[in-house]
Structures are given as C-alpha cells and as structure tokens.
>>> print(open('my_file-v1.txt').read())   # compact mmCIF, C-alpha atoms (C1' of nucleotides)
# COMPACT_ATOMS: atom_id res chain seq x y z
CA MET A 1 36.61 -14.57 32.10
CA LEU A 2 34.35 -14.04 29.19
CA ALA A 3 34.19 -17.61 27.94
CA PRO A 4 30.39 -17.77 28.33
CA LEU A 5 30.03 -14.73 26.10
CA LEU A 6 32.38 -16.15 23.49
CA ALA A 7 30.41 -19.38 23.53
CA HIS A 8 27.21 -17.45 23.00
CA ILE A 9 28.70 -15.41 20.17
CA ALA A 10 29.88 -18.60 18.51
CA ARG A 11 26.26 -19.69 18.17
CA TYR A 12 25.70 -16.83 15.75
CA VAL A 13 29.01 -15.88 14.11
CA SER A 14 32.61 -17.05 14.21
CA LEU A 15 35.42 -14.88 15.51
CA THR A 16 39.13 -15.41 15.01
CA ALA A 17 41.29 -15.68 18.11
CA ALA A 18 42.61 -12.19 17.40
CA GLU A 19 39.09 -10.79 17.21
CA ALA A 20 38.11 -12.46 20.46
CA GLU A 21 41.09 -10.85 22.09
CA LEU A 22 40.08 -7.46 20.75
CA LEU A 23 36.66 -7.90 22.25
CA GLU A 24 38.22 -8.67 25.59
CA ALA A 25 39.51 -5.09 25.82
CA TYR A 26 35.95 -3.75 25.64
CA VAL A 27 34.20 -6.01 28.11
CA VAL A 28 34.44 -5.73 31.88
CA PRO A 29 33.12 -8.36 34.32
CA HIS A 30 31.12 -7.20 37.29
CA THR A 31 29.37 -8.95 40.16
CA LEU A 32 26.14 -7.78 41.73
CA GLU A 33 24.48 -8.58 45.01
CA ARG A 34 20.83 -9.46 45.27
CA ARG A 35 18.73 -6.31 44.69
CA ALA A 36 21.71 -4.20 43.50
CA HIS A 37 20.94 -1.68 40.78
CA LEU A 38 22.80 -1.16 37.51
CA LEU A 39 20.60 1.80 36.58
CA ARG A 40 17.95 3.91 38.29
CA GLU A 41 15.18 6.02 36.88
CA GLY A 42 16.53 9.41 35.83
CA GLU A 43 20.06 8.19 35.16
CA VAL A 44 21.45 7.90 31.64
CA CYS A 45 22.19 4.36 30.53
CA THR A 46 25.69 4.01 29.06
CA ALA A 47 26.22 0.28 28.66
CA THR A 48 24.64 -3.03 27.78
CA TYR A 49 24.87 -5.98 30.13
CA PHE A 50 25.36 -9.67 29.40
CA VAL A 51 24.21 -12.06 32.10
CA VAL A 52 26.76 -14.82 32.73
CA SER A 53 24.91 -16.19 35.75
CA GLY A 54 22.06 -15.00 37.92
CA CYS A 55 19.21 -12.82 36.75
CA LEU A 56 18.51 -9.17 35.94
CA ARG A 57 15.24 -7.38 35.42
CA THR A 58 13.98 -4.09 33.98
CA TYR A 59 11.21 -2.43 35.95
CA PHE A 60 9.58 0.94 36.43
CA LEU A 61 7.46 2.67 39.05
CA THR A 62 4.04 4.26 38.55
CA GLU A 63 3.21 7.57 40.22
CA LYS A 64 1.63 5.59 43.05
CA GLY A 65 4.89 3.74 43.59
CA VAL A 66 3.77 0.40 42.13
CA GLU A 67 6.48 -1.69 40.45
CA HIS A 68 6.04 -3.19 37.00
CA THR A 69 8.59 -5.62 35.62
CA LEU A 70 9.12 -5.26 31.88
CA GLN A 71 11.73 -7.92 31.30
CA PHE A 72 13.80 -10.59 32.95
CA ALA A 73 17.24 -11.55 31.66
CA ILE A 74 18.82 -14.85 32.66
CA GLU A 75 21.99 -16.56 31.50
CA ASN A 76 23.03 -15.57 27.97
CA TRP A 77 20.70 -12.62 27.61
CA TRP A 78 21.67 -9.01 27.03
CA LEU A 79 19.82 -6.26 28.85
CA THR A 80 19.80 -2.48 28.65
CA ASP A 81 17.52 0.51 28.16
CA TYR A 82 17.88 1.17 24.44
CA ALA A 83 15.86 4.38 24.54
CA SER A 84 18.17 5.95 27.08
CA LEU A 85 21.29 4.48 25.48
CA ASP A 86 20.45 5.80 22.03
CA ALA A 87 19.35 9.27 23.01
CA HIS A 88 21.67 9.76 25.98
CA ALA A 89 18.45 10.61 27.78
CA PRO A 90 17.43 9.95 31.39
CA SER A 91 15.92 6.51 31.72
CA ALA A 92 12.37 5.75 32.78
CA PHE A 93 13.48 2.38 34.11
CA PHE A 94 15.47 0.56 36.74
CA LEU A 95 17.88 -2.27 35.95
CA GLN A 96 18.32 -4.53 38.93
CA ALA A 97 19.83 -7.86 39.93
CA VAL A 98 17.09 -10.24 41.07
CA GLU A 99 19.62 -12.53 42.71
CA PRO A 100 23.43 -12.53 43.02
CA THR A 101 24.46 -11.98 39.43
CA TRP A 102 27.57 -11.98 37.33
CA VAL A 103 27.45 -9.68 34.31
CA LEU A 104 29.76 -8.54 31.55
CA VAL A 105 29.59 -4.82 30.85
CA LEU A 106 29.96 -3.47 27.33
CA GLU A 107 30.17 0.30 27.42
CA GLN A 108 28.41 2.13 24.60
CA ARG A 109 31.38 4.46 24.27
CA GLY A 110 33.86 2.98 21.82
CA GLN A 111 31.40 0.37 20.63
CA GLU A 112 31.24 1.73 17.09
CA GLU A 113 35.01 1.52 16.94
CA LEU A 114 34.91 -2.09 18.10
CA PHE A 115 32.31 -2.98 15.49
CA GLY A 116 34.44 -1.26 12.85
CA ARG A 117 37.31 -3.55 13.73
CA VAL A 118 35.20 -6.69 14.16
CA PRO A 119 32.25 -6.53 11.75
CA GLN A 120 31.13 -9.99 12.83
CA LEU A 121 30.20 -8.49 16.18
CA GLU A 122 27.90 -6.03 14.52
CA ARG A 123 26.16 -9.01 12.95
CA TYR A 124 26.03 -10.80 16.29
CA PHE A 125 24.29 -7.88 17.95
CA ARG A 126 21.92 -7.48 15.05
CA LEU A 127 20.90 -11.12 15.48
CA VAL A 128 20.57 -10.76 19.23
CA LEU A 129 18.29 -7.78 18.71
CA GLN A 130 16.27 -9.75 16.19
CA ARG A 131 15.75 -12.48 18.73
CA GLY A 132 14.74 -9.83 21.23
CA ALA A 133 12.22 -8.36 18.80
CA ALA A 134 10.68 -11.79 18.31
CA ALA A 135 10.45 -12.25 22.07
CA ALA A 136 8.78 -8.86 22.48
CA GLN A 137 6.12 -9.72 19.89
CA HIS A 138 5.49 -13.02 21.61
CA ARG A 139 5.17 -11.22 24.94
CA VAL A 140 2.50 -8.83 23.71
CA LYS A 141 0.67 -11.69 22.03
CA LEU A 142 0.47 -13.52 25.36
CA LEU A 143 -0.72 -10.39 27.15
CA TYR A 144 -3.51 -10.02 24.62
CA SER A 145 -4.65 -13.57 24.12
CA LEU A 146 -4.71 -15.05 27.63
CA SER A 147 -6.36 -14.14 30.91
CA GLY A 148 -4.19 -13.45 33.94
CA GLU A 149 -4.68 -16.90 35.33
CA ALA A 150 -3.92 -18.55 31.99
CA ARG A 151 -0.76 -16.47 31.63
CA TYR A 152 0.46 -17.69 34.98
CA ARG A 153 -0.35 -21.31 34.21
CA GLN A 154 1.48 -21.14 30.91
CA PHE A 155 4.48 -19.36 32.37
CA ALA A 156 4.70 -21.76 35.29
CA SER A 157 4.55 -24.78 33.01
CA LEU A 158 7.18 -23.34 30.64
CA PHE A 159 9.61 -22.17 33.33
CA PRO A 160 8.90 -24.11 36.52
CA ALA A 161 12.43 -23.53 37.83
CA PHE A 162 12.23 -19.80 37.25
CA VAL A 163 9.01 -19.48 39.23
CA GLN A 164 10.92 -20.82 42.24
CA ARG A 165 13.81 -18.38 41.80
CA VAL A 166 11.83 -15.15 41.63
CA PRO A 167 9.77 -13.42 44.34
CA GLN A 168 6.09 -13.69 43.58
CA TYR A 169 5.50 -9.98 43.51
CA MET A 170 8.01 -9.59 40.69
CA LEU A 171 6.42 -12.39 38.74
CA ALA A 172 2.97 -10.89 39.24
CA SER A 173 4.16 -7.50 38.03
CA TYR A 174 5.75 -9.17 34.99
CA LEU A 175 2.60 -11.06 34.12
CA GLY A 176 0.50 -7.94 34.47
CA PHE A 177 -1.48 -8.32 37.69
CA THR A 178 -1.17 -7.80 41.44
CA PRO A 179 0.61 -10.06 43.95
CA GLU A 180 -2.72 -10.58 45.73
CA PHE A 181 -4.25 -11.95 42.58
CA LEU A 182 -1.31 -14.27 41.98
CA SER A 183 -1.71 -15.58 45.49
CA LYS A 184 -5.37 -16.36 44.79
CA ILE A 185 -4.51 -18.17 41.57
CA ARG A 186 -2.04 -20.33 43.43
CA ALA A 187 -4.59 -21.10 46.12
CA ARG A 188 -7.08 -22.19 43.44
CA MET A 189 -4.44 -24.34 41.74
CA GLY A 190 -3.41 -25.95 45.03
CA GLU A 191 -6.96 -27.30 45.28
CA MET B 192 12.47 4.21 -6.79
CA LEU B 193 13.99 3.67 -3.43
CA ALA B 194 14.91 7.27 -2.64
CA PRO B 195 12.82 7.29 0.56
CA LEU B 196 14.74 4.29 1.86
CA LEU B 197 18.09 5.86 1.00
CA ALA B 198 17.02 9.02 2.81
CA HIS B 199 16.12 6.98 5.86
CA ILE B 200 19.38 5.07 5.78
CA ALA B 201 21.27 8.35 5.55
CA ARG B 202 19.88 9.31 8.95
CA TYR B 203 21.89 6.49 10.51
CA VAL B 204 24.89 5.70 8.29
CA SER B 205 26.40 6.97 5.06
CA LEU B 206 26.60 4.91 1.93
CA THR B 207 28.73 5.58 -1.13
CA ALA B 208 26.95 5.87 -4.46
CA ALA B 209 28.32 2.43 -5.40
CA GLU B 210 26.94 0.90 -2.21
CA ALA B 211 23.55 2.46 -2.77
CA GLU B 212 23.52 0.94 -6.22
CA LEU B 213 24.38 -2.46 -4.79
CA LEU B 214 21.46 -2.18 -2.42
CA GLU B 215 19.18 -1.45 -5.32
CA ALA B 216 19.69 -4.97 -6.63
CA TYR B 217 18.28 -6.46 -3.42
CA VAL B 218 15.21 -4.30 -2.95
CA VAL B 219 11.99 -4.68 -4.89
CA PRO B 220 9.11 -2.16 -4.79
CA HIS B 221 5.60 -3.49 -4.39
CA THR B 222 2.20 -1.87 -4.11
CA LEU B 223 -0.64 -3.19 -1.98
CA GLU B 224 -4.33 -2.54 -2.01
CA ARG B 225 -6.27 -1.79 1.14
CA ARG B 226 -6.59 -4.98 3.21
CA ALA B 227 -4.11 -6.95 1.07
CA HIS B 228 -1.93 -9.44 2.95
CA LEU B 229 1.84 -9.81 2.80
CA LEU B 230 1.79 -12.83 5.10
CA ARG B 231 -0.87 -15.06 6.63
CA GLU B 232 -0.81 -17.24 9.72
CA GLY B 233 0.88 -20.54 8.93
CA GLU B 234 3.05 -19.18 6.11
CA VAL B 235 6.79 -18.75 6.49
CA CYS B 236 7.97 -15.16 6.40
CA THR B 237 10.87 -14.65 3.99
CA ALA B 238 11.32 -10.89 3.76
CA THR B 239 11.26 -7.63 5.64
CA TYR B 240 9.17 -4.73 4.42
CA PHE B 241 9.90 -1.00 4.39
CA VAL B 242 6.87 1.27 4.23
CA VAL B 243 7.37 4.09 1.73
CA SER B 244 3.80 5.33 2.02
CA GLY B 245 0.62 3.98 3.54
CA CYS B 246 0.42 1.73 6.56
CA LEU B 247 0.97 -1.91 7.47
CA ARG B 248 0.02 -3.80 10.58
CA THR B 249 0.84 -7.10 12.31
CA TYR B 250 -2.11 -8.90 13.85
CA PHE B 251 -3.16 -12.35 15.00
CA LEU B 252 -6.39 -14.21 15.66
CA THR B 253 -7.45 -15.89 18.89
CA GLU B 254 -9.21 -19.27 18.80
CA LYS B 255 -12.50 -17.41 18.94
CA GLY B 256 -11.57 -15.44 15.84
CA VAL B 257 -10.91 -12.14 17.57
CA GLU B 258 -8.25 -9.92 15.96
CA HIS B 259 -5.43 -8.35 17.97
CA THR B 260 -3.12 -5.80 16.38
CA LEU B 261 0.45 -6.06 17.61
CA GLN B 262 2.05 -3.29 15.61
CA PHE B 263 1.43 -0.59 13.08
CA ALA B 264 4.12 0.52 10.63
CA ILE B 265 3.82 3.84 8.83
CA GLU B 266 6.23 5.69 6.56
CA ASN B 267 9.88 4.84 7.25
CA TRP B 268 9.24 1.81 9.42
CA TRP B 269 10.34 -1.74 8.75
CA LEU B 270 7.98 -4.61 9.50
CA THR B 271 8.29 -8.37 9.53
CA ASP B 272 7.81 -11.43 11.73
CA TYR B 273 11.29 -11.99 13.08
CA ALA B 274 10.41 -15.27 14.78
CA SER B 275 9.26 -16.81 11.52
CA LEU B 276 12.06 -15.20 9.51
CA ASP B 277 14.81 -16.47 11.82
CA ALA B 278 13.57 -19.98 12.28
CA HIS B 279 12.00 -20.47 8.84
CA ALA B 280 8.96 -21.47 10.88
CA PRO B 281 5.26 -20.94 10.15
CA SER B 282 4.15 -17.57 11.39
CA ALA B 283 1.55 -16.98 14.09
CA PHE B 284 0.74 -13.60 12.55
CA PHE B 285 -0.76 -11.77 9.62
CA LEU B 286 0.94 -8.83 7.90
CA GLN B 287 -1.60 -6.63 6.19
CA ALA B 288 -1.94 -3.27 4.45
CA VAL B 289 -4.28 -1.02 6.43
CA GLU B 290 -4.67 1.32 3.46
CA PRO B 291 -3.22 1.44 -0.06
CA THR B 292 0.46 1.02 0.65
CA TRP B 293 3.75 1.16 -1.16
CA VAL B 294 6.47 -1.05 0.28
CA LEU B 295 10.03 -2.02 -0.52
CA VAL B 296 10.72 -5.73 -0.13
CA LEU B 297 14.07 -6.97 1.12
CA GLU B 298 14.22 -10.74 0.82
CA GLN B 299 16.00 -12.56 3.62
CA ARG B 300 17.72 -14.78 1.09
CA GLY B 301 21.00 -13.15 0.05
CA GLN B 302 20.84 -10.61 2.82
CA GLU B 303 23.95 -11.88 4.56
CA GLU B 304 25.80 -11.52 1.27
CA LEU B 305 24.56 -7.94 0.93
CA PHE B 306 25.67 -7.08 4.45
CA GLY B 307 29.05 -8.65 3.73
CA ARG B 308 29.48 -6.28 0.83
CA VAL B 309 28.02 -3.24 2.57
CA PRO B 310 28.81 -3.46 6.27
CA GLN B 311 27.21 -0.08 6.86
CA LEU B 312 23.88 -1.71 6.14
CA GLU B 313 24.42 -4.21 8.89
CA ARG B 314 24.89 -1.25 11.21
CA TYR B 315 21.80 0.45 9.85
CA PHE B 316 19.63 -2.56 10.59
CA ARG B 317 21.14 -2.99 14.00
CA LEU B 318 20.17 0.60 14.78
CA VAL B 319 16.69 0.14 13.35
CA LEU B 320 16.24 -2.91 15.55
CA GLN B 321 17.49 -0.97 18.54
CA ARG B 322 14.90 1.69 17.92
CA GLY B 323 12.30 -1.05 17.63
CA ALA B 324 13.38 -2.56 20.94
CA ALA B 325 12.98 0.83 22.61
CA ALA B 326 9.52 1.18 21.11
CA ALA B 327 8.52 -2.28 22.33
CA GLN B 328 9.56 -1.45 25.89
CA HIS B 329 7.64 1.78 25.73
CA ARG B 330 4.60 -0.10 24.46
CA VAL B 331 4.54 -2.55 27.35
CA LYS B 332 5.11 0.29 29.81
CA LEU B 333 2.00 2.03 28.49
CA LEU B 334 -0.02 -1.17 28.67
CA TYR B 335 0.94 -1.58 32.30
CA SER B 336 0.76 1.94 33.60
CA LEU B 337 -2.41 3.35 32.05
CA SER B 338 -6.06 2.34 32.01
CA GLY B 339 -7.72 1.66 28.67
CA GLU B 340 -9.32 5.06 28.54
CA ALA B 341 -6.05 6.80 29.44
CA ARG B 342 -4.23 4.84 26.73
CA TYR B 343 -6.70 6.01 24.15
CA ARG B 344 -6.51 9.63 25.30
CA GLN B 345 -2.74 9.58 25.17
CA PHE B 346 -2.61 7.86 21.80
CA ALA B 347 -5.19 10.21 20.32
CA SER B 348 -3.34 13.27 21.54
CA LEU B 349 0.00 11.99 20.27
CA PHE B 350 -1.23 10.83 16.85
CA PRO B 351 -4.48 12.65 16.06
CA ALA B 352 -4.02 12.17 12.31
CA PHE B 353 -3.44 8.46 12.69
CA VAL B 354 -6.67 7.98 14.64
CA GLN B 355 -8.51 9.30 11.59
CA ARG B 356 -6.71 7.00 9.18
CA VAL B 357 -7.34 3.70 10.95
CA PRO B 358 -10.62 1.85 11.52
CA GLN B 359 -11.63 2.01 15.14
CA TYR B 360 -11.72 -1.72 15.61
CA MET B 361 -8.04 -1.96 14.66
CA LEU B 362 -7.15 0.83 17.03
CA ALA B 363 -9.08 -0.80 19.85
CA SER B 364 -7.35 -4.11 19.27
CA TYR B 365 -3.99 -2.33 19.26
CA LEU B 366 -4.69 -0.52 22.52
CA GLY B 367 -5.86 -3.70 24.17
CA PHE B 368 -9.63 -3.49 24.45
CA THR B 369 -12.82 -4.10 22.47
CA PRO B 370 -14.32 -1.84 19.80
CA GLU B 371 -17.44 -1.49 21.97
CA PHE B 372 -15.39 -0.11 24.79
CA LEU B 373 -13.61 2.34 22.49
CA SER B 374 -16.97 3.54 21.28
CA LYS B 375 -18.01 4.21 24.85
CA ILE B 376 -14.83 6.11 25.60
CA ARG B 377 -15.45 8.33 22.59
CA ALA B 378 -19.02 8.91 23.67
CA ARG B 379 -17.82 9.99 27.11
CA MET B 380 -15.18 12.28 25.59
CA GLY B 381 -17.69 13.88 23.23
CA GLU B 382 -19.61 14.88 26.32
C1' DC C 383 12.28 -12.65 70.65
C1' DG C 384 10.69 -9.25 67.90
C1' DC C 385 10.94 -7.01 63.62
C1' DG C 386 9.79 -6.55 58.77
C1' DG C 387 9.25 -7.92 54.06
C1' DG C 388 6.58 -10.95 51.56
C1' DT C 389 2.48 -13.70 51.11
C1' DT C 390 -2.32 -14.92 52.18
C1' DT C 391 -7.22 -14.09 52.83
C1' DG C 392 -11.62 -11.71 52.48
C1' DA C 393 -14.94 -7.95 51.38
C1' DT C 394 -16.02 -4.58 48.13
C1' DG C 395 -16.13 -2.40 43.81
C1' DA C 396 -14.39 -0.62 39.25
C1' DT C 397 -12.98 -1.64 34.76
C1' DG C 398 -13.86 -3.51 30.68
C1' DC C 399 -16.08 -7.87 28.33
C1' DT C 400 -20.08 -10.38 26.23
C1' DC C 401 -24.09 -10.58 23.83
C1' DA C 402 -27.65 -8.57 21.34
C1' DA C 403 -30.00 -5.05 18.94
C1' DG C 404 -30.18 -0.93 16.25
C1' DC C 405 -28.03 2.49 13.34
C1' DC C 406 -25.18 4.85 9.90
C1' DC C 407 -23.24 5.02 5.50
C1' DG C 408 -20.82 3.78 1.39
C1' DG C 409 -21.01 0.47 -2.27
C1' DT C 410 -23.45 -2.46 -5.61
C1' DG C 411 -26.87 -4.18 -8.56
C1' DG C 412 -31.34 -3.74 -10.51
C1' DC D 413 -31.31 6.71 -9.31
C1' DC D 414 -32.92 4.16 -5.86
C1' DA D 415 -33.15 -0.13 -2.86
C1' DC D 416 -30.86 -2.97 -0.47
C1' DC D 417 -27.37 -4.84 1.46
C1' DG D 418 -23.36 -5.40 4.86
C1' DG D 419 -19.48 -3.89 7.49
C1' DG D 420 -18.46 -0.99 11.12
C1' DC D 421 -19.88 1.88 14.80
C1' DT D 422 -23.07 2.71 18.73
C1' DT D 423 -25.87 1.69 22.81
C1' DG D 424 -27.43 -0.87 26.79
C1' DA D 425 -27.91 -4.66 30.30
C1' DG D 426 -25.67 -8.00 32.84
C1' DC D 427 -21.54 -10.02 34.27
C1' DA D 428 -16.49 -11.76 34.83
C1' DT D 429 -12.10 -10.52 35.95
C1' DC D 430 -9.13 -8.47 38.56
C1' DA D 431 -7.86 -4.18 41.60
C1' DT D 432 -8.07 -2.05 46.06
C1' DC D 433 -7.80 -1.91 50.85
C1' DA D 434 -7.11 -3.85 55.19
C1' DA D 435 -5.91 -7.34 58.33
C1' DA D 436 -3.59 -11.43 59.60
C1' DC D 437 0.03 -14.54 58.95
C1' DC D 438 4.54 -16.63 58.02
C1' DC D 439 9.30 -16.91 58.45
C1' DG D 440 14.16 -15.65 58.00
C1' DC D 441 17.22 -12.60 60.29
C1' DG D 442 19.17 -9.54 63.57
>>> encode(input="my_file-v1.txt", output="structure tokens")
Amino acid sequence: MLAPLLAHIARYVSLTAAEAELLEAYVVPHTLERRAHLLREGEVCTATYFVVSGCLRTYFLTEKGVEHTLQFAIENWWLTDYASLDAHAPSAFFLQAVEPTWVLVLEQRGQEELFGRVPQLERYFRLVLQRGAAAAQHRVKLLYSLSGEARYRQFASLFPAFVQRVPQYMLASYLGFTPEFLSKIRARMGE
Amino acid sequence: MLAPLLAHIARYVSLTAAEAELLEAYVVPHTLERRAHLLREGEVCTATYFVVSGCLRTYFLTEKGVEHTLQFAIENWWLTDYASLDAHAPSAFFLQAVEPTWVLVLEQRGQEELFGRVPQLERYFRLVLQRGAAAAQHRVKLLYSLSGEARYRQFASLFPAFVQRVPQYMLASYLGFTPEFLSKIRARMGE
DNA sequence: CGCGGGTTTGATGATGCTCAAGCCCGGTGG
DNA sequence: CCACCGGGCTTGAGCATCATCAAACCCGCG
C-alpha cells in the first residue's frame, strides 16, 4: 500500500490514476526492525527511501568510533545518501531505522525511465529536494547561531514528542554535542 | 550571453537548439559590484541565481550583529534562499557578491511554465539540487568530525586559490569560528 | 538475578570566544 | 604627494562552553 506516498505527492503535483499505477510498479514496501540498517558505510547506495511510519536516520562514525547523526526522517520524508547514489560510490554514512519503521523503496535504477513517463514525478522530486535544501540551510543556521543548550531547548520545545521517541545519545549527536552534556542540560532544566 | 549556463546544463541533460532558445527568454544577465546585495534579510526571494564568474555568498546576522556565512557559490553554482522562494516568505538571509560577479537571473515566476515546455530543465534542476543536498551533508559531516583548526587546514588544502580570494572574516564565519581564532591558526601554521 | 546498554554525575582540561589594543595597508581628500 | 582615516587582520589575557574520562547508577530483558 502506497496510499501515504500518493497523498504526499498530491500535496505538490497531481497524478492521473494511470500515472499512479505506473508508479506502483517502481515502489516496493519494506519493514524494518528497530536498529536495522538500510545502508552501511562502504556500501553503494542504490535507492531512496520514503518513510510511511517510524523513523530513519543518517549517521557516520569518526575514526574514534563516535557516532554523529546527520539527519532524521519521520513520516513523509525521503532519505538517501545522494553523494553515493549519484556517483555509484561507497557511502560514508549509515542509514538506520531508529524504531520499527515502514518504508517505501524507490530504486535508482529505472528511475529516469519512470520520470520520462510521468514528468509530474520529476517535478515532485525537485520540490522535495527544494524543501530539503531549505531544511539544510536552517539546520546550519541553528548550529551557528545558538549554543548547545539553546539548541536543545529550541528543539525540545519544537518537537516535544520526538524527544521522547529517540534515545538521548542520538539526539545529542544530532544537536552536535556529547550525551554527557545533554544529560547535564536536562539536569539543569529539571531544577 | 548564457553560453556558460548552456555548457553546464549540457553536463546533465541535452537540450535542442529550440529549447535552448526558449530558455534564453527566461534568463537575464546581471552584473554585481563587490559587496552588492541580491537579497537582504526581510525581503522575499523571487529568483535563483547562476554564477557565471565571480562569487556569491549566503549569510545571516545574529542578534548581536555577528555575520555567519552559510554558503559560497562560485562559477557554475546556483544560489538562492529556497525557504523564502517556496513560501513567498521574508528571508532570514542575505545574498551578496563577494567580488565583482556576473550572474544569470532565473525568476521564479513563469518557471513552472518553462519546465512544462522543456522537461529536460526540470531534470537538470533536480540533479543540481541533488548535488546540493550531497554537498550539504558533506558540510555538516565536516563540522561534526573536525576541530576548527583541522577544518581550516582541510579547506585551505582543498581550495588554496579560494582562500586568497575571500576575506578572512568571511572564511572564518563559514568554517564556524571567529576571525581572531583564524588569525591564530594561521600564526601557528606559519611557524 | 545478573547482565548490559543507556544515562547520570563529577573532576579536569582543551578548544575557541570575548574584549581590548595595536597594526597594516589601501583609499580618499586636502 | 602626503596625511589621515578606517576596515580588516593580529596579538594577548581571561574566561565560558563543552569534551574527556571514569565511576556509579538505572532498568528492561534474558
């Protein structure tokens, strides 16, 4: 069932019933357990993933083995490693399910053909990427303008539910500091 | 003359001569003096800009008046504020020429019509955005995995010419630290 | 019950900021 | 042609933020 994807697409462009059916041939549903990986460092990324329910993240490891989360993707977000996808090169990142997650898989292979047949989809993905670019700019702006503690406060007030869903160490690594420091922030906020 | 843009487009998709001519009607050349602005905080962004020669940057100001550079765009890069463009909302950013710069202006208005007539352009911009998404991920990875000094060393070794072209305070604000600190790094590297 | 991953707590210290002063150098006006 | 700006770069002292390391703790799960 790809109804959630069709609903999301409809926010940006309109497809005919025939076009929607065409799309169906290119998209495969897949379920993931908590902590399951879609991609590991060194592998070549061959698909983009649409989150129907649950949550994915992109992270990488430093030489010392420390995790850093680059991105979370919740319902209605697409996630992939574009650098690896484009260049057919080994990825520097991991793609992982944060919790039990239901995704739709769109393989890169054959995608150009699909877009040739359904040009509205090419527009849809352009708009999705545009939204992603805006989000990335906003992300860097936050990293640069706020202190670690202020970033946490803002994030927690914007997405209180999400803070509950995600392990603290992932959140810390997303916000750009250590789990120990996050713990100290929370202690200060508690009193 | 939009030959440089056509050359760049040809790297990704192929246009017929008629399509290239169509594009010409939508693109306006514009020259900018050093430090001239294309967009200021609070204004609504209505176009995307292609750098033919020179250099643009996106920056913003904190409440204390400190500048932070989010992005540089040199030859063959597109730059805009997608958040403002999409939502027709006041921008949080400034777009500015770092040096005398020659840009091509593609107004948002009428763009959908253009893409309707030349679907290959929609693909081109999707691919440009994909490349931008990859660059944004890489950027955050660098911010998270390297110290300030290491970021400067890496940047200087990758783009030695660019370090010459740009004022140090802009570079510092792009790399995520203060001009004073950059000065101290350089002093240490000198000896 | 015990194990183990995740979180907490505390001591110590490095990284990079703030503030303030001086300096270098290109541009402008007298 | 020189004097004087003034913006940008440099230098230094003191300090805040946040990392590191290590130990204890908590709690769900086998």
>>> atom_distance(input="my_file-v1.txt", atom1="CA of Trp78 (chain A)", atom2="CA of Tyr49 (chain A)")
5.4 Å
>>> interface_residues(input="my_file-v1.txt", of="chain A", to="chain D", cutoff="10 Å", atoms="only C-alpha atoms (C1' of nucleotides)", output="list in words")
Ser147, Gly148, Glu149, Phe177, Thr178, Glu180 and Phe181 of chain A
>>> closest_atom_pairs(input="my_file-v1.txt", of="chain A", to="chain C", cutoff="10 Å", atoms="all atoms listed in the file", output="CSV")
residue,atom,partner,partner_atom,distance
A:Pro167,CA,C:DG388,C1',8.3
A:Gln168,CA,C:DT389,C1',8.4
A:Tyr169,CA,C:DG388,C1',8.2
A:Pro179,CA,C:DT389,C1',8.2
A:Glu180,CA,C:DT390,C1',7.8
A:Leu182,CA,C:DT389,C1',9.9
A:Ser183,CA,C:DT390,C1',6.8
A:Lys184,CA,C:DT390,C1',8.1
A:Ala187,CA,C:DT390,C1',8.9
>>> residues_around(input="my_file-v1.txt", residues="Leu175 (chain A)", least_positions_apart="6", cutoff="12 Å", atoms="all atoms listed in the file", output="JSON, numbers by chain")
{"A": [67, 68, 69, 70, 71, 72, 139, 140, 142, 143, 144, 146, 147, 148, 149, 150, 151, 152, 153, 154, 155, 156, 163, 168, 169, 181, 182], "B": [331, 334, 335]}
>>> closest_atom_pairs(input="my_file-v1.txt", of="chain A", to="chain B", cutoff="6 Å", atoms="only C-alpha atoms", output="Markdown table")
| residue | atom | partner | partner_atom | distance |
| --- | --- | --- | --- | --- |
| A:Tyr82 | CA | B:Ala325 | CA | 5.2 |
| A:Ala83 | CA | B:Ala325 | CA | 5.0 |
| A:Arg126 | CA | B:Arg317 | CA | 4.7 |
| A:Ala134 | CA | B:Ala274 | CA | 5.0 |
>>> write_last_selection(input="my_file-v1.txt", atoms="C-alpha atoms", output="JSON list (two decimals), in the coordinates of the input")
[["chain", "number", "residue", "atom", "x", "y", "z"],
["A", 82, "TYR", "CA", 17.88, 1.17, 24.44],
["A", 83, "ALA", "CA", 15.86, 4.38, 24.54],
["A", 126, "ARG", "CA", 21.92, -7.48, 15.05],
["A", 134, "ALA", "CA", 10.68, -11.79, 18.31]]
>>> atom_distance(input="my_file-v1.txt", atom1="CA of Ala3 (chain A)", atom2="CA of Asn76 (chain A)")
11.3 Å
>>> atom_distance(input="my_file-v1.txt", atom1="CA of Leu38 (chain A)", atom2="CA of Val52 (chain A)")
15.0 Å
>>> residues_around(input="my_file-v1.txt", residues="Ala238 (chain B)", least_positions_apart="4", cutoff="8 Å", atoms="all atoms listed in the file", output="ChimeraX atom specification")
/B:271,276,296-300
>>> axis_aligned_box(input="my_file-v1.txt", around="region 258-266 of chain B", padding_each_side="8 Å", output="AutoDock Vina command-line options")
--center_x -1.0 --center_y -2.1 --center_z 12.3 --size_x 30.5 --size_y 31.6 --size_z 27.4
>>> residues_around(input="my_file-v1.txt", residues="Ala280 (chain B)", least_positions_apart="6", cutoff="9 Å", atoms="only C-alpha atoms (C1' of nucleotides)", output="PyMOL selection string")
chain B and resi 233-236+274
>>> residues_around(input="my_file-v1.txt", residues="region 23-37 of chain A", least_positions_apart="5", cutoff="9 Å", atoms="all atoms listed in the file", output="MDAnalysis selection string")
chainID A and resid 1:2 18 94:107 110:111 114 118 121
